[in-house]
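Remarks on the structure that follows.
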Amino acid sequence: MDYPENSLPAVLGLLVIITLSLTIPACHSLGKDPGIDGLRERMGTRRKEGVLRARARIGELASFLDIPNLDAAARGGIPVASAAWWLDGNATPDAKSSTAALRAALSAPVDVLVIPALPVPWLIDGTLELLDGPREIILEPGCVIAAAAGAFKETNASLIKIGTGRTRLISGYGATLSMRGDDYRSKDYAPSQWRHGLELRSVAGLVVEGLEIRDTGGDGVYVGEGKNKMPCSGLVLRDLILEANHRQGISVISANGFLMEYCRVAGTKGTPPQAGIDFEPNAGTWGFERCVIGSSVFERNKGAAMHVHLVKLSADRKVDIVVRDSVLVGSPLALWIRGVPKGLTGTIDIGETQVRGLVTIKQTSTFSVRRER
């Protein structure tokens with residue numbers, strides 16, 4: 001849900017009241033303990049293996065990247081391109097030139113676009129929008145795409161925005177998307193909760209893997225609907241690190257087929273709900289079907305590790321959310337499931353998952369939260 005700015009104190013007050021009055025003891029633990037240290041170790045191993053795969057893949061593509069061919073890339077006449085081609089040999093571009101280069105590269109309908117690591121970050125002074133560009137995007141290990149100082153003044157300016165289109169994979173093992181969260185909370189910026197790191201609207205069949213997304217002025221990842229009012233479908237978020245984001249690590253507004261696995265979400269702090277992950281619809285959106293969280297860690301978030309608020313979901317929508325082999329660590333609130341409309345049907349199924357912290361849950365005769373004890 002997107003909160004009006006003037007509603008934030010009321011939302012925070014409601015959260016405090018409900019947390020204090022409707023909680024389960026902080027020592028409560030659910031199901032089999034997967035071992036947070038073991039899970040972190042698995043996640044670290046996966047990321048190291050991902051970096052090795054990325055380097056090998058870029059090595060395989062090297063022969064295609066030697067000679068720039070901008071005209072052919074722009075019309076999709078070649079299979080592989082490098083974003084560096086649009087820099088015209090400048091290895092240390094300023095914000096204006098690196099923004100222009102990435103916008104041109106992301107509009108090229110090639111099969112694979114490689115975004116190389118530069119000696120300096122790719123500084124961006126406005127939203128990079130991806131519609132019908134590359135089918136596959138590989139960010140080289142060490143690549144940093146960062147918001148430029150003084151930019152992103154618009155209250156809804158995300159770093160990267162992706163709508164319906166042909167892209168099916170964004171792979172960024174060892175790469176970072178970074179904004180300037182402290183700047184956006186200063187007097188020089190209009191208050192906002194919508195300066196997201198990665199904004200996904202009505203995407204279908206997209207896999208996002210390996211990236212670290214941090215210090216945004218909104219969510220690390222926003223999952224919602226575009227103008228066509230269709231939910232994101234067949235979306236996979238894998239091996240992500242979401243750190244120190246402003247509103248949520250991940251906001252899921254609408255999804256029909258959503259898988260999040262081996263992700264770590266930590267340090268969310270800025271504007272409520274300040275959750276690790278928030279399933280919260282806007283009015284009239286699709287809802288949440290076939291949504292799965294697996295082998296992920298949510299910790300050190302100022303709000304709930306997992307926040308579910310369904311008050312704006314139409315009663316004719318069914319909720320289907322599963323959490324497995326994960327860890328929800330509260331600070332102190334670990335699990336918040338409230339705002340269930342009368343007549344809403346569905347289940348949130350939490351199993352083999354450790355919950356450390358306060359828990360508050362609303363159930364009805366048609367909506368249940370299953371928890372393995």
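Chain labels A, B, ... are given in the sequence in which chains occur in the structure tokens; within each chain residues are numbered consecutively from 1, and ligands are likewise numbered from 1 in the order shown.
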**Message:** as a PyMOL selection string, please: the residues near Leu106 in chain A (cut-off 12 Å, only C-alpha atoms, same-chain neighbours under 2 positions excluded).
**Reply:** chain A and resi 73-74+76+81-84+86+99-104+108-115+127-138+160-162+165-167+170
**Request:** For Tyr189 in chain A, work out the shell of residues within 10 Å, counting only C-alpha atoms and skipping chain neighbours fewer than 5 positions away, then give it as a ChimeraX atom specification.
**Result:** /A:150-155,183-184
Those residues you just picked out, can you put them in a file as a compact mmCIF listing (two decimals), in the first residue's frame with N, CA and C atoms?
# COMPACT_ATOMS: atom_id res chain seq x y z
N GLY A 150 22.18 15.07 -5.46
CA GLY A 150 21.32 16.16 -5.90
C GLY A 150 20.25 15.78 -6.89
N ALA A 151 20.24 14.50 -7.32
CA ALA A 151 19.24 14.05 -8.30
C ALA A 151 18.05 13.39 -7.59
N PHE A 152 17.10 12.94 -8.37
CA PHE A 152 15.90 12.24 -7.88
C PHE A 152 15.07 13.13 -6.96
N LYS A 153 14.90 14.38 -7.38
CA LYS A 153 14.08 15.32 -6.63
C LYS A 153 12.59 14.96 -6.70
N GLU A 154 12.17 14.34 -7.82
CA GLU A 154 10.76 13.96 -7.94
C GLU A 154 10.42 12.93 -6.86
N THR A 155 9.23 13.05 -6.30
CA THR A 155 8.88 12.18 -5.17
C THR A 155 8.66 10.73 -5.58
N ASP A 183 20.14 11.55 2.04
CA ASP A 183 19.86 12.80 1.33
C ASP A 183 18.36 13.03 1.22
N TYR A 184 17.62 11.98 0.89
CA TYR A 184 16.18 12.13 0.65
C TYR A 184 15.41 12.44 1.92
**Request:** DSSP on the backbone, then: every residue of range 217-288 of chain A marked strand (DSSP E), written as number ranges by chain.
**Result:** A: 219-224, 232-238, 241-243, 248-252, 255-261, 264-266, 275-279, 288
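The environment of range 32-47 of chain A within 9 Å, counting only C-alpha atoms and disregarding residues fewer than 3 places along the same chain, consists of Ser29, Gly50, Val51, Leu52, Tyr173, Gly174, Gly210, Asp239, Leu240, Tyr262, Cys263, Arg264, Ser295, Ser296, Val297, Asp325, Ser326, Val327, Gly351, Glu352, Thr353, Gln354, Glu372 and Arg373 of chain A.
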**Item:** Contacts of range 253-258 of chain A within 8 Å, only C-alpha atoms, excl. fewer than 3 positions in-chain, as a ChimeraX atom specification
**Value:** /A:1,222-225,231-236,279-282,285-292
Got time to write the residues from that selection, N, CA and C atoms, as a PDB file, in the first residue's frame?
ATOM      1  N   MET A   1       0.839  -1.191   0.000  1.00  0.00           N
ATOM      2  CA  MET A   1       0.000   0.000   0.000  1.00  0.00           C
ATOM      3  C   MET A   1       0.870   1.235   0.000  1.00  0.00           C
ATOM      4  N   TYR A 222       9.877  -2.885  -5.366  1.00  0.00           N
ATOM      5  CA  TYR A 222       8.429  -2.645  -5.363  1.00  0.00           C
ATOM      6  C   TYR A 222       7.805  -3.552  -6.414  1.00  0.00           C
ATOM      7  N   VAL A 223       6.799  -4.337  -6.017  1.00  0.00           N
ATOM      8  CA  VAL A 223       6.134  -5.282  -6.916  1.00  0.00           C
ATOM      9  C   VAL A 223       4.665  -4.875  -7.021  1.00  0.00           C
ATOM     10  N   GLY A 224       4.272  -4.308  -8.158  1.00  0.00           N
ATOM     11  CA  GLY A 224       2.910  -3.809  -8.289  1.00  0.00           C
ATOM     12  C   GLY A 224       2.365  -3.911  -9.697  1.00  0.00           C
ATOM     13  N   GLU A 225       1.311  -3.178  -9.937  1.00  0.00           N
ATOM     14  CA  GLU A 225       0.622  -3.198 -11.225  1.00  0.00           C
ATOM     15  C   GLU A 225       0.952  -1.961 -12.040  1.00  0.00           C
ATOM     16  N   PRO A 231      -1.346  -7.940 -12.485  1.00  0.00           N
ATOM     17  CA  PRO A 231      -0.331  -8.158 -11.458  1.00  0.00           C
ATOM     18  C   PRO A 231       0.979  -8.620 -12.065  1.00  0.00           C
ATOM     19  N   CYS A 232       2.054  -8.479 -11.319  1.00  0.00           N
ATOM     20  CA  CYS A 232       3.279  -9.178 -11.701  1.00  0.00           C
ATOM     21  C   CYS A 232       3.012 -10.670 -11.630  1.00  0.00           C
ATOM     22  N   SER A 233       3.515 -11.411 -12.603  1.00  0.00           N
ATOM     23  CA  SER A 233       3.251 -12.847 -12.649  1.00  0.00           C
ATOM     24  C   SER A 233       4.532 -13.594 -12.989  1.00  0.00           C
ATOM     25  N   GLY A 234       4.687 -14.765 -12.400  1.00  0.00           N
ATOM     26  CA  GLY A 234       5.881 -15.555 -12.653  1.00  0.00           C
ATOM     27  C   GLY A 234       7.157 -14.829 -12.291  1.00  0.00           C
ATOM     28  N   LEU A 235       7.124 -14.032 -11.219  1.00  0.00           N
ATOM     29  CA  LEU A 235       8.279 -13.226 -10.809  1.00  0.00           C
ATOM     30  C   LEU A 235       9.131 -14.009  -9.817  1.00  0.00           C
ATOM     31  N   VAL A 236      10.444 -14.016 -10.052  1.00  0.00           N
ATOM     32  CA  VAL A 236      11.386 -14.675  -9.148  1.00  0.00           C
ATOM     33  C   VAL A 236      12.423 -13.650  -8.675  1.00  0.00           C
ATOM     34  N   PHE A 279       3.193  -7.381   2.370  1.00  0.00           N
ATOM     35  CA  PHE A 279       2.141  -7.731   1.422  1.00  0.00           C
ATOM     36  C   PHE A 279       0.960  -6.817   1.728  1.00  0.00           C
ATOM     37  N   GLU A 280       0.742  -5.847   0.863  1.00  0.00           N
ATOM     38  CA  GLU A 280      -0.300  -4.856   1.156  1.00  0.00           C
ATOM     39  C   GLU A 280      -0.848  -4.269  -0.143  1.00  0.00           C
ATOM     40  N   PRO A 281      -2.105  -4.572  -0.454  1.00  0.00           N
ATOM     41  CA  PRO A 281      -2.663  -4.131  -1.731  1.00  0.00           C
ATOM     42  C   PRO A 281      -3.121  -2.688  -1.701  1.00  0.00           C
ATOM     43  N   ASN A 282      -3.090  -2.059  -2.863  1.00  0.00           N
ATOM     44  CA  ASN A 282      -3.856  -0.844  -3.070  1.00  0.00           C
ATOM     45  C   ASN A 282      -5.279  -1.241  -3.443  1.00  0.00           C
ATOM     46  N   THR A 285      -6.573  -3.722  -6.619  1.00  0.00           N
ATOM     47  CA  THR A 285      -5.505  -4.531  -7.206  1.00  0.00           C
ATOM     48  C   THR A 285      -5.832  -6.018  -7.097  1.00  0.00           C
ATOM     49  N   TRP A 286      -5.018  -6.827  -7.780  1.00  0.00           N
ATOM     50  CA  TRP A 286      -5.284  -8.243  -7.967  1.00  0.00           C
ATOM     51  C   TRP A 286      -5.298  -9.022  -6.663  1.00  0.00           C
ATOM     52  N   GLY A 287      -4.273  -8.816  -5.859  1.00  0.00           N
ATOM     53  CA  GLY A 287      -4.139  -9.586  -4.634  1.00  0.00           C
ATOM     54  C   GLY A 287      -2.888 -10.434  -4.651  1.00  0.00           C
ATOM     55  N   PHE A 288      -2.920 -11.576  -3.934  1.00  0.00           N
ATOM     56  CA  PHE A 288      -1.722 -12.384  -3.735  1.00  0.00           C
ATOM     57  C   PHE A 288      -2.045 -13.866  -3.926  1.00  0.00           C
ATOM     58  N   GLU A 289      -1.661 -14.401  -5.057  1.00  0.00           N
ATOM     59  CA  GLU A 289      -1.875 -15.817  -5.339  1.00  0.00           C
ATOM     60  C   GLU A 289      -0.543 -16.467  -5.708  1.00  0.00           C
ATOM     61  N   ARG A 290      -0.349 -17.677  -5.203  1.00  0.00           N
ATOM     62  CA  ARG A 290       0.866 -18.459  -5.470  1.00  0.00           C
ATOM     63  C   ARG A 290       2.124 -17.659  -5.107  1.00  0.00           C
ATOM     64  N   CYS A 291       2.124 -17.107  -3.899  1.00  0.00           N
ATOM     65  CA  CYS A 291       3.262 -16.332  -3.409  1.00  0.00           C
ATOM     66  C   CYS A 291       4.057 -17.187  -2.423  1.00  0.00           C
ATOM     67  N   VAL A 292       5.354 -17.358  -2.671  1.00  0.00           N
ATOM     68  CA  VAL A 292       6.187 -18.235  -1.856  1.00  0.00           C
ATOM     69  C   VAL A 292       7.459 -17.495  -1.444  1.00  0.00           C
TER      70      VAL A 292
END
**Request:** Can you work out which one of A:Ala315, A:Ile145, A:Val80, A:Ile350 has the shortest atom-to-atom distance to Ser63 in chain A, counting only C-alpha atoms?
**Result:** A:Val80
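In this structure, CA of Ser365 in chain A sits 17.8 Å away from CA of Val308 in chain A.
Nearest residue to Cys143 in chain A among A:Ala72, A:Leu118, A:Leu310, A:Leu123 is A:Leu118, counting only C-alpha atoms.
What separates CA of Ser368 in chain A from CA of Phe298 in chain A is a distance of 22.4 Å.
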**Message:** List the spatial neighbours of Ala54 in chain A as a PyMOL selection string - criterion: any atom at most 9 Å away, only C-alpha atoms, same-chain residues fewer than 5 positions off excluded.
**Reply:** chain A and resi 49+59+138-141+171-174
Writing out the chosen residues with N, CA and C atoms as an mmCIF file, in the first residue's frame:
data_model
loop_
_atom_site.group_PDB
_atom_site.id
_atom_site.type_symbol
_atom_site.label_atom_id
_atom_site.label_comp_id
_atom_site.auth_asym_id
_atom_site.auth_seq_id
_atom_site.Cartn_x
_atom_site.Cartn_y
_atom_site.Cartn_z
ATOM 1 N N GLU A 49 29.135 -18.543 -5.807
ATOM 2 C CA GLU A 49 28.984 -19.345 -7.022
ATOM 3 C C GLU A 49 28.373 -18.517 -8.146
ATOM 4 N N GLY A 59 32.935 -13.982 -19.926
ATOM 5 C CA GLY A 59 34.090 -14.459 -20.690
ATOM 6 C C GLY A 59 33.673 -15.127 -21.982
ATOM 7 N N ILE A 138 23.115 -8.633 -17.822
ATOM 8 C CA ILE A 138 24.108 -9.132 -16.873
ATOM 9 C C ILE A 138 24.926 -7.955 -16.375
ATOM 10 N N LEU A 139 24.883 -7.707 -15.072
ATOM 11 C CA LEU A 139 25.755 -6.705 -14.473
ATOM 12 C C LEU A 139 27.027 -7.414 -14.025
ATOM 13 N N GLU A 140 28.150 -6.936 -14.493
ATOM 14 C CA GLU A 140 29.415 -7.565 -14.165
ATOM 15 C C GLU A 140 29.689 -7.452 -12.658
ATOM 16 N N PRO A 141 30.267 -8.483 -12.039
ATOM 17 C CA PRO A 141 30.659 -8.356 -10.632
ATOM 18 C C PRO A 141 31.510 -7.114 -10.406
ATOM 19 N N SER A 171 20.615 -10.292 -13.992
ATOM 20 C CA SER A 171 21.549 -11.023 -13.135
ATOM 21 C C SER A 171 22.651 -10.082 -12.685
ATOM 22 N N GLY A 172 22.837 -9.972 -11.347
ATOM 23 C CA GLY A 172 23.803 -9.003 -10.841
ATOM 24 C C GLY A 172 24.594 -9.504 -9.647
ATOM 25 N N TYR A 173 25.111 -10.726 -9.740
ATOM 26 C CA TYR A 173 25.926 -11.250 -8.647
ATOM 27 C C TYR A 173 27.187 -10.391 -8.478
ATOM 28 N N GLY A 174 27.365 -9.867 -7.259
ATOM 29 C CA GLY A 174 28.510 -9.001 -6.997
ATOM 30 C C GLY A 174 28.317 -7.572 -7.455
#
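Comparing A:Val340, A:Ile241, A:Leu177, A:Val252 by their smallest distance to Ser202 in chain A, the closest is A:Val252 (using only C-alpha atoms).
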**Best match for closeness to Pro191 in chain A among A:Asp71, A:Lys318, A:Leu211, A:Gly217, counting only C-alpha atoms** = A:Gly217
**Request:** For range 267-273 of chain A, work out the shell of residues within 9 Å, counting only C-alpha atoms and skipping chain neighbours fewer than 4 positions away, then give it as a VMD selection string.
**Result:** chain A and resid 3 8 to 9 11 to 12 15 181 185 192 to 193 215 217 to 219 242 to 249 278 299 to 304 307
Could you save those same residues with C-alpha atoms as a compact mmCIF listing (two decimals), in the first residue's frame?
# COMPACT_ATOMS: atom_id res chain seq x y z
CA TYR A 3 0.58 5.69 2.36
CA LEU A 8 2.23 8.16 8.71
CA PRO A 9 1.88 9.23 12.37
CA VAL A 11 -0.27 4.41 10.95
CA LEU A 12 2.65 4.26 13.37
CA LEU A 15 0.95 -0.27 14.83
CA GLY A 181 18.67 7.53 1.44
CA ARG A 185 15.39 12.53 4.36
CA SER A 192 8.48 10.71 -0.16
CA GLN A 193 8.20 6.95 0.25
CA ASP A 215 19.87 3.08 0.67
CA GLY A 217 14.24 6.51 -0.65
CA GLY A 218 11.41 3.99 -0.83
CA ASP A 219 11.44 0.20 -1.20
CA LEU A 242 18.23 -5.56 0.45
CA GLU A 243 19.87 -3.28 2.99
CA ALA A 244 18.96 0.03 4.68
CA ASN A 245 15.96 0.92 2.54
CA HIS A 246 13.51 3.65 3.54
CA ARG A 247 10.00 2.15 3.54
CA GLN A 248 10.28 -1.60 2.98
CA GLY A 249 12.86 -4.07 1.85
CA ASP A 278 5.07 -6.07 3.19
CA GLU A 299 16.33 -9.01 10.45
CA ARG A 300 17.14 -5.61 11.97
CA ASN A 301 14.16 -3.94 10.30
CA LYS A 302 12.54 -1.19 12.37
CA GLY A 303 9.06 -2.46 11.51
CA ALA A 304 7.87 -6.06 11.28
CA HIS A 307 3.96 -7.32 7.49
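The space between CA of Leu333 in chain A and CA of Ala305 in chain A spans 6.8 Å.
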**Request:** Would you list the contacts of range 89-98 of chain A as a PyMOL selection string, taking every protein, DNA or RNA residue within 6 Å and counting only C-alpha atoms, but skipping same-chain residues closer than 4 positions in sequence?
**Result:** chain A and resi 120+122-125
**Message:** Run DSSP on the backbone and tell me which residues of range 18-236 of chain A come out as alpha helix (DSSP H); list them as an NGL selection string.
**Reply:** :A and (18-21 or 36-65 or 70-74 or 95-106 or 181-184)
